[in-house]
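Have a look at data.cif below; it lists mmCIF, C-alpha atoms and all ligand atoms.
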data_run
#
loop_
_atom_site.label_atom_id
_atom_site.label_comp_id
_atom_site.auth_asym_id
_atom_site.auth_seq_id
_atom_site.Cartn_x
_atom_site.Cartn_y
_atom_site.Cartn_z
CA MET A 1 14.36 -15.49 8.61
CA ALA A 2 12.39 -14.04 11.52
CA VAL A 3 10.70 -10.66 11.60
CA THR A 4 11.76 -7.96 14.03
CA GLY A 5 10.11 -4.73 15.07
CA THR A 6 9.74 -2.25 17.89
CA LYS A 7 7.44 0.64 18.66
CA ARG A 8 7.60 3.52 16.19
CA HIS A 9 9.83 6.50 16.80
CA GLU A 10 11.08 9.56 14.95
CA GLY A 11 13.51 8.66 12.19
CA ASP A 12 12.98 4.89 12.51
CA SER A 13 14.01 2.81 9.52
CA TRP A 14 13.47 -0.75 8.31
CA ASP A 15 13.97 -3.29 5.59
CA LEU A 16 11.38 -5.68 4.16
CA ALA A 17 11.69 -8.08 7.10
CA SER A 18 11.30 -5.57 9.91
CA SER A 19 8.81 -3.10 11.37
CA VAL A 20 6.62 -1.38 8.74
CA GLY A 21 8.71 -2.90 5.97
CA ALA A 22 7.31 -6.33 6.88
CA THR A 23 3.80 -5.09 6.06
CA ALA A 24 4.94 -4.55 2.46
CA THR A 25 6.07 -8.18 2.31
CA ALA A 26 2.75 -9.30 3.85
CA VAL A 27 0.68 -7.61 1.13
CA ALA A 28 3.02 -8.84 -1.61
CA ALA A 29 2.48 -12.39 -0.28
CA ARG A 30 -1.26 -11.83 -0.70
CA ARG A 31 -0.76 -10.56 -4.28
CA ALA A 32 1.23 -13.72 -4.95
CA MET A 33 -1.66 -15.81 -3.55
CA ALA A 34 -4.12 -13.94 -5.81
CA SER A 35 -1.82 -14.53 -8.81
CA LYS A 36 -1.74 -18.34 -8.37
CA GLY A 37 -3.98 -21.18 -9.42
CA PRO A 38 -5.96 -22.08 -12.51
CA ASN A 39 -8.12 -18.93 -12.34
CA PRO A 40 -5.86 -16.24 -10.89
CA LEU A 41 -7.49 -13.04 -9.71
CA LEU A 42 -4.39 -10.94 -10.42
CA ASP A 43 -1.39 -11.10 -12.71
CA ASP A 44 1.58 -10.06 -10.60
CA PRO A 45 4.30 -12.50 -11.68
CA PHE A 46 6.92 -10.76 -9.52
CA ALA A 47 5.15 -10.98 -6.17
CA GLU A 48 6.10 -14.59 -5.43
CA PRO A 49 9.83 -14.31 -6.29
CA LEU A 50 10.05 -11.05 -4.34
CA VAL A 51 8.52 -12.62 -1.21
CA ASN A 52 10.81 -15.64 -1.58
CA ALA A 53 13.80 -13.32 -1.90
CA VAL A 54 12.86 -11.44 1.30
CA GLY A 55 12.96 -14.86 2.94
CA VAL A 56 10.57 -14.47 5.90
CA ASP A 57 9.35 -18.02 6.61
CA ALA A 58 5.92 -17.00 7.92
CA PHE A 59 5.11 -15.00 4.77
CA ILE A 60 6.39 -17.77 2.51
CA ARG A 61 4.17 -20.27 4.33
CA MET A 62 1.17 -17.92 4.08
CA MET A 63 1.86 -17.33 0.38
CA ASN A 64 1.89 -21.09 -0.14
CA GLY A 65 -1.46 -21.48 1.62
CA GLN A 66 0.00 -23.16 4.71
CA ILE A 67 -2.18 -21.32 7.20
CA GLU A 68 -4.48 -24.06 8.46
CA HIS A 69 -3.46 -23.30 12.05
CA VAL A 70 -4.83 -19.74 11.80
CA GLU A 71 -7.93 -20.42 9.78
CA ASP A 72 -10.41 -20.15 12.64
CA ASP A 73 -11.12 -16.62 11.38
CA PRO A 74 -13.39 -16.80 8.32
CA ALA A 75 -11.52 -13.89 6.75
CA PHE A 76 -8.17 -15.61 7.07
CA THR A 77 -8.25 -18.33 4.44
CA PRO A 78 -6.18 -18.39 1.25
CA LYS A 79 -9.32 -17.63 -0.80
CA ARG A 80 -10.35 -14.65 1.35
CA LEU A 81 -6.82 -13.25 1.56
CA ALA A 82 -6.51 -13.45 -2.22
CA GLU A 83 -9.91 -11.86 -2.86
CA GLY A 84 -9.30 -8.99 -0.45
CA MET A 85 -5.98 -8.22 -2.11
CA ALA A 86 -7.46 -8.53 -5.60
CA VAL A 87 -10.08 -5.91 -4.71
CA ARG A 88 -7.42 -3.53 -3.46
CA THR A 89 -4.92 -4.13 -6.28
CA ARG A 90 -7.52 -3.81 -9.02
CA PHE A 91 -8.73 -0.50 -7.53
CA PHE A 92 -5.25 1.06 -7.77
CA ASP A 93 -4.43 -0.61 -11.12
CA ASN A 94 -7.62 0.84 -12.60
CA PHE A 95 -6.93 4.20 -11.00
CA PHE A 96 -3.61 4.42 -12.91
CA LEU A 97 -5.03 3.05 -16.15
CA ASP A 98 -7.90 5.58 -16.03
CA ALA A 99 -5.44 8.41 -15.40
CA ALA A 100 -3.31 7.22 -18.32
CA ALA A 101 -6.39 7.06 -20.55
CA ALA A 102 -7.11 10.67 -19.57
CA GLY A 103 -3.61 11.67 -20.74
CA VAL A 104 -1.65 11.74 -17.47
CA ARG A 105 1.97 10.69 -18.13
CA GLN A 106 3.57 11.19 -14.72
CA ALA A 107 2.84 8.79 -11.85
CA VAL A 108 4.09 8.69 -8.26
CA ILE A 109 3.79 5.59 -6.10
CA LEU A 110 4.23 6.79 -2.52
CA ALA A 111 5.40 4.06 -0.10
CA ALA A 112 5.84 1.69 -3.03
CA GLY A 113 7.03 -1.31 -0.99
CA LEU A 114 6.95 -4.37 -3.28
CA ASP A 115 4.44 -2.78 -5.68
CA THR A 116 5.39 -3.92 -9.20
CA ARG A 117 3.09 -1.68 -11.22
CA ALA A 118 6.11 -0.01 -12.85
CA TYR A 119 6.97 -3.47 -14.26
CA ARG A 120 3.57 -4.90 -15.08
CA LEU A 121 1.04 -2.21 -16.12
CA ALA A 122 0.61 -1.22 -19.77
CA TRP A 123 1.76 2.38 -19.37
CA PRO A 124 1.55 4.61 -22.43
CA THR A 125 4.94 5.42 -23.95
CA ASP A 126 6.59 8.44 -22.33
CA THR A 127 5.13 7.71 -18.92
CA VAL A 128 7.48 8.32 -16.02
CA VAL A 129 6.73 6.36 -12.84
CA TYR A 130 8.39 7.51 -9.61
CA GLU A 131 8.52 5.14 -6.67
CA ILE A 132 9.24 6.44 -3.18
CA ASP A 133 10.06 4.33 -0.14
CA GLN A 134 12.78 3.93 2.47
CA PRO A 135 16.26 3.20 1.03
CA ASP A 136 16.53 -0.49 2.05
CA VAL A 137 13.07 -1.23 0.65
CA ILE A 138 13.61 0.50 -2.70
CA GLU A 139 17.12 -0.86 -3.18
CA PHE A 140 16.08 -4.45 -2.39
CA LYS A 141 13.22 -4.37 -4.90
CA THR A 142 15.27 -2.72 -7.65
CA ARG A 143 18.11 -5.23 -7.25
CA THR A 144 15.90 -8.32 -6.94
CA LEU A 145 13.78 -7.46 -9.98
CA ALA A 146 16.92 -6.74 -12.02
CA ASP A 147 18.31 -10.14 -10.97
CA LEU A 148 15.04 -11.72 -12.11
CA GLY A 149 15.47 -10.09 -15.51
CA ALA A 150 12.34 -7.93 -15.08
CA THR A 151 12.22 -4.77 -17.16
CA PRO A 152 10.08 -1.76 -16.29
CA THR A 153 7.17 -1.01 -18.63
CA ALA A 154 7.64 2.73 -18.05
CA ASP A 155 10.52 5.08 -17.31
CA ARG A 156 10.84 3.99 -13.66
CA ARG A 157 12.68 6.25 -11.25
CA ALA A 158 13.28 5.01 -7.74
CA VAL A 159 13.50 7.67 -5.04
CA ALA A 160 14.92 6.38 -1.77
CA ILE A 161 13.74 8.70 1.01
CA ASP A 162 11.56 8.70 4.11
CA LEU A 163 8.16 10.30 3.59
CA ARG A 164 8.62 12.24 6.84
CA ASP A 165 11.59 14.02 5.18
CA ASP A 166 11.76 16.46 2.25
CA TRP A 167 10.61 13.99 -0.39
CA PRO A 168 9.31 16.63 -2.87
CA ALA A 169 12.88 17.93 -3.24
CA ALA A 170 14.16 14.38 -3.86
CA LEU A 171 11.40 13.81 -6.40
CA GLN A 172 12.30 16.99 -8.27
CA ASP A 173 15.99 16.05 -8.20
CA ASN A 174 14.95 12.94 -10.14
CA GLY A 175 13.13 14.95 -12.81
CA PHE A 176 9.59 15.28 -11.44
CA SER A 177 7.74 18.29 -12.86
CA SER A 178 4.95 20.08 -10.98
CA GLN A 179 3.97 21.68 -14.30
CA ARG A 180 2.40 18.46 -15.60
CA PRO A 181 -0.58 16.52 -14.20
CA THR A 182 0.40 13.65 -11.93
CA ALA A 183 -1.36 10.48 -10.81
CA TRP A 184 -0.37 9.81 -7.19
CA ILE A 185 -1.17 6.78 -5.07
CA ALA A 186 -0.73 6.22 -1.34
CA GLU A 187 -1.78 2.59 -0.87
CA GLY A 188 -1.50 1.02 2.58
CA LEU A 189 0.35 4.03 3.96
CA LEU A 190 -1.64 6.57 5.97
CA GLY A 191 -1.82 4.80 9.38
CA TYR A 192 1.95 4.31 9.32
CA LEU A 193 2.51 8.08 9.20
CA PRO A 194 2.15 10.29 12.27
CA PRO A 195 -1.08 12.38 11.99
CA ASP A 196 0.81 15.60 11.20
CA ALA A 197 2.94 13.80 8.58
CA GLN A 198 -0.29 12.62 6.90
CA ASP A 199 -1.41 16.26 6.68
CA ARG A 200 1.99 17.32 5.35
CA LEU A 201 1.87 14.51 2.78
CA PHE A 202 -1.46 15.80 1.46
CA ASP A 203 -0.23 19.43 1.60
CA ASN A 204 2.85 18.51 -0.45
CA ILE A 205 0.84 16.47 -2.94
CA THR A 206 -1.51 19.44 -3.38
CA THR A 207 1.36 21.95 -3.77
CA PHE A 208 3.11 19.82 -6.38
CA SER A 209 -0.03 18.87 -8.32
CA PHE A 210 -0.77 20.59 -11.62
CA SER A 211 -4.40 21.00 -12.63
CA GLY A 212 -5.84 17.63 -13.74
CA SER A 213 -3.77 15.66 -11.22
CA ARG A 214 -5.31 12.68 -9.49
CA LEU A 215 -4.81 10.97 -6.15
CA GLY A 216 -5.79 7.45 -5.11
CA THR A 217 -5.60 6.33 -1.49
CA GLY A 218 -7.31 4.21 1.12
CA TYR A 219 -7.71 4.29 4.87
CA VAL A 220 -9.50 2.57 7.72
CA PRO A 221 -11.60 5.16 9.59
CA ASP A 222 -10.77 5.45 13.31
CA ILE A 223 -7.98 2.90 12.99
CA ARG A 224 -6.72 3.47 16.56
CA GLY A 225 -10.18 2.85 18.05
CA ARG A 226 -10.44 -0.36 16.06
CA ILE A 227 -6.95 -1.45 17.11
CA ALA A 228 -7.87 -0.80 20.74
CA LYS A 229 -10.86 -3.15 20.34
CA ARG A 230 -9.47 -5.84 18.07
CA GLY A 231 -5.72 -5.29 17.67
CA LYS A 232 -4.88 -8.16 20.03
CA GLU A 233 -6.63 -10.64 17.72
CA ILE A 234 -4.50 -9.51 14.79
CA SER A 235 -1.28 -9.74 16.77
CA GLU A 236 -2.30 -13.17 18.08
CA ARG A 237 -2.96 -14.36 14.51
CA TRP A 238 0.42 -13.02 13.39
CA ARG A 239 2.03 -14.79 16.38
CA ARG A 240 0.43 -18.08 15.34
CA LEU A 241 1.74 -17.48 11.83
CA GLY A 242 5.19 -17.27 13.41
CA LEU A 243 5.60 -13.48 13.28
CA ASN A 244 7.00 -11.76 16.31
CA LEU A 245 5.56 -8.37 15.43
CA ASN A 246 2.85 -6.39 17.18
CA TRP A 247 0.92 -4.68 14.40
CA ALA A 248 -0.61 -2.18 16.84
CA ASP A 249 2.92 -0.87 17.54
CA LEU A 250 3.38 0.06 13.87
CA VAL A 251 0.37 2.35 13.54
CA TYR A 252 0.69 5.85 14.95
CA ASP A 253 -1.49 6.99 17.86
CA GLY A 254 -3.35 10.26 18.02
CA GLU A 255 -6.32 11.91 16.38
CA ARG A 256 -5.83 12.29 12.65
CA ASN A 257 -7.69 14.45 10.19
CA ASP A 258 -10.19 12.68 7.98
CA ALA A 259 -8.41 12.22 4.64
CA VAL A 260 -11.48 13.00 2.54
CA GLY A 261 -12.42 16.15 4.46
CA TYR A 262 -8.82 17.34 4.40
CA LEU A 263 -8.45 16.83 0.64
CA THR A 264 -11.83 18.38 -0.12
CA GLU A 265 -10.89 21.54 1.79
CA ARG A 266 -7.78 21.78 -0.40
CA GLY A 267 -9.71 21.72 -3.66
CA TRP A 268 -9.77 18.01 -4.49
CA GLN A 269 -12.98 16.49 -5.82
CA THR A 270 -13.21 13.17 -4.04
CA THR A 271 -15.09 9.94 -4.65
CA VAL A 272 -15.19 7.37 -1.87
CA ARG A 273 -16.01 3.69 -2.29
CA SER A 274 -16.48 1.26 0.56
CA THR A 275 -14.78 -2.13 0.59
CA GLN A 276 -18.21 -3.78 0.53
CA GLU A 277 -19.05 -1.92 -2.71
CA LEU A 278 -15.79 -2.97 -4.32
CA TYR A 279 -16.31 -6.59 -3.28
CA ALA A 280 -19.73 -6.48 -4.93
CA ASP A 281 -18.26 -4.89 -8.10
CA ASN A 282 -15.77 -7.79 -8.26
CA GLY A 283 -18.40 -10.45 -7.61
CA PHE A 284 -16.93 -11.49 -4.22
CA ASP A 285 -18.83 -11.99 -0.95
CA PHE A 286 -17.65 -9.69 1.81
CA PRO A 287 -16.46 -11.99 4.64
CA GLU A 288 -18.39 -12.24 7.88
CA GLY A 289 -16.50 -11.79 11.12
CA ALA A 290 -15.73 -8.94 13.45
CA THR A 291 -12.03 -8.65 12.62
CA ALA A 292 -12.65 -8.59 8.90
CA VAL A 293 -15.34 -5.99 9.32
CA ALA A 294 -13.11 -3.88 11.58
CA PHE A 295 -9.91 -3.91 9.52
CA GLY A 296 -11.24 -4.78 6.10
CA ASP A 297 -13.43 -1.68 6.23
CA VAL A 298 -11.13 0.38 4.01
CA ARG A 299 -12.47 3.54 2.38
CA TYR A 300 -11.04 3.77 -1.14
CA VAL A 301 -10.62 7.35 -2.29
CA SER A 302 -10.01 8.72 -5.74
CA ALA A 303 -9.61 12.45 -6.08
CA GLU A 304 -9.00 14.95 -8.85
CA LEU A 305 -7.72 18.50 -8.74
CA ALA A 306 -9.60 20.89 -11.05
N1 LIG B 401 2.06 0.48 -1.17
C1 LIG B 401 2.65 -0.84 -1.07
C2 LIG B 401 1.61 -1.91 -1.32
O1 LIG B 401 0.41 -1.63 -1.12
O2 LIG B 401 1.99 -3.01 -1.68
C3 LIG B 401 3.29 -1.07 0.31
C4 LIG B 401 2.32 -0.96 1.46
S1 LIG B 401 3.05 -1.49 3.01
C5 LIG B 401 1.58 -1.90 3.88
C6 LIG B 401 3.56 0.05 3.75
C7 LIG B 401 4.73 0.70 3.03
O3 LIG B 401 4.86 2.03 3.49
C8 LIG B 401 6.07 0.04 3.27
O4 LIG B 401 6.68 -0.26 2.05
C9 LIG B 401 6.86 1.07 4.03
O5 LIG B 401 8.25 1.01 3.79
C10 LIG B 401 6.21 2.35 3.53
N2 LIG B 401 6.34 3.47 4.46
C11 LIG B 401 5.66 3.64 5.62
N3 LIG B 401 6.07 4.76 6.22
C12 LIG B 401 7.02 5.31 5.42
C13 LIG B 401 7.83 6.46 5.52
N4 LIG B 401 7.77 7.27 6.56
N5 LIG B 401 8.68 6.71 4.49
C14 LIG B 401 8.78 5.88 3.43
N6 LIG B 401 8.04 4.77 3.29
C15 LIG B 401 7.18 4.49 4.28
#

Have the structure of the file written as structure tokens, please.
Ligand code: SAM
Amino acid sequence: MAVTGTKRHEGDSWDLASSVGATATAVAARRAMASKGPNPLLDDPFAEPLVNAVGVDAFIRMMNGQIEHVEDDPAFTPKRLAEGMAVRTRFFDNFFLDAAAAGVRQAVILAAGLDTRAYRLAWPTDTVVYEIDQPDVIEFKTRTLADLGATPTADRRAVAIDLRDDWPAALQDNGFSSQRPTAWIAEGLLGYLPPDAQDRLFDNITTFSFSGSRLGTGYVPDIRGRIAKRGKEISERWRRLGLNLNWADLVYDGERNDAVGYLTERGWQTTVRSTQELYADNGFDFPEGATAVAFGDVRYVSAELA
């Protein structure tokens, strides 16, 4: 199956093989790569069958390490792709496990894509995990994992709604309580929201967070400036992989508020880690190369509301 996508617009929608949905399949393919081999870096047994079920040839080839024709970039080898994803996945896994250890029993995975944490983390009993994403994305994952015989390790509640719409109401309709602390994550999301929707997302999270709530997220500072300089290289690499999708078209233009500053002003105590620091913590070398430095330069944020 080929990937399709056009420039972003108000109310646009997608499945896991189109537009922003394809980015969820891309990162799941990398989790599958990190979960393979004699010394796997991750244990996500559902990533590979999910990517196979989506059926995009280019992602299946990448997942199976068939990327020799794109490997001129030192950051784009199976080893590097797996390590980069392991760093990111472990950050958010640990974020949830730390919150659980601190007694938080309500979790929300915003823009869940093919995230399988509700099926693979050791959640304490009585934990409710809400997953929000667009309807086609959520329904595909729920159905495919059920067909695979996977069972959630928490009380998983899927909420099919666009994050530019009234998602707090949909969350509450599914039993979410703003009177209990929540652990929220927004992984791989912010650039795909218009700048004002990013602010509204943080405003809503703050409004619906009880004291002791936590938020984990990550973002590439000045993503538009970096895309302007190096976006063509990424699109060219995707084209050589066989993907007819211009990544620069998926990320919203316009000045956006700095996530850390915005959250701090709203009472969140934030801790920021650089990708380089997390690579070092995991014992990996941060890859050389301008593209890796430009787009791998994610700031990982964990925040807590007093
Ligand atoms: N968080 C997942 C992960 O890291 O594996 C998926 C990340 S993927 C790069 C981006 C995800 O954001 C996609 O699943 C997409 O459907 C979701 N997304 C982006 N904008 C959204 C919106 N406006 N409403 C709902 N979901 C959205």

Padding 4 Å on every side, please: axis-aligned box over the listed atoms of ligand LIG 401 (chain B), centre and edge lengths to one decimal in Å, as lines of an AutoDock Vina configuration file.
center_x = 4.6
center_y = 2.1
center_z = 2.4
size_x = 16.4
size_y = 18.3
size_z = 16.2

Counting only C-alpha atoms and all ligand atoms, give me one row per residue of chain A with an atom at most 6 Å from an atom of ligand LIG 401 (chain B), showing the shortest contact pair and its distance in Å to one decimal, sorted by chain then residue number, as CSV.
residue,atom,partner,partner_atom,distance
A:Val20,CA,B:LIG401,C9,5.3
A:Gly21,CA,B:LIG401,O5,4.5
A:Thr23,CA,B:LIG401,C5,4.5
A:Ala24,CA,B:LIG401,S1,3.6
A:Val27,CA,B:LIG401,O2,5.5
A:Ala28,CA,B:LIG401,O2,5.9
A:Ala111,CA,B:LIG401,C10,4.1
A:Ala112,CA,B:LIG401,N1,4.4
A:Gly113,CA,B:LIG401,O4,3.2
A:Leu114,CA,B:LIG401,O2,5.4
A:Asp115,CA,B:LIG401,O2,4.7
A:Asp133,CA,B:LIG401,N6,4.0
A:Gln134,CA,B:LIG401,C14,4.6
A:Asp162,CA,B:LIG401,N5,3.5
A:Leu163,CA,B:LIG401,N5,3.7
A:Arg164,CA,B:LIG401,N4,5.0
A:Glu187,CA,B:LIG401,N1,4.4
A:Gly188,CA,B:LIG401,C5,4.4
A:Leu189,CA,B:LIG401,O3,5.0
A:Tyr192,CA,B:LIG401,N3,5.2
A:Leu193,CA,B:LIG401,N3,5.7

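Of the listed residues A:Gly289, A:Asp199, A:Ser211, A:Ala248, the one whose atoms come nearest to A:Pro74 is A:Gly289, with distances taken using only C-alpha atoms.
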
re atom CA of A:Leu110 and atom CA of A:Phe59: distance 23.0 Å

Distance table requested - stretch 113-231 of chain A against stretch 40-52 of chain A, cut-off 10 Å, all atoms listed in the file: one row per qualifying residue with the closest atom pair and its distance in Å to one decimal, ordered by chain and rising residue number, as a tab-separated table.
residue	atom	partner	partner_atom	distance
A:Leu114	CA	A:Ala47	CA	7.4
A:Asp115	CA	A:Ala47	CA	8.2
A:Thr116	CA	A:Phe46	CA	7.0
A:Arg117	CA	A:Asp44	CA	8.5
A:Tyr119	CA	A:Phe46	CA	8.7
A:Arg120	CA	A:Asp44	CA	7.1
A:Leu121	CA	A:Asp44	CA	9.6
A:Phe140	CA	A:Leu50	CA	9.2
A:Lys141	CA	A:Leu50	CA	7.4
A:Thr144	CA	A:Leu50	CA	7.0
A:Leu145	CA	A:Phe46	CA	7.6
A:Leu148	CA	A:Pro49	CA	8.2
A:Ala150	CA	A:Phe46	CA	8.3
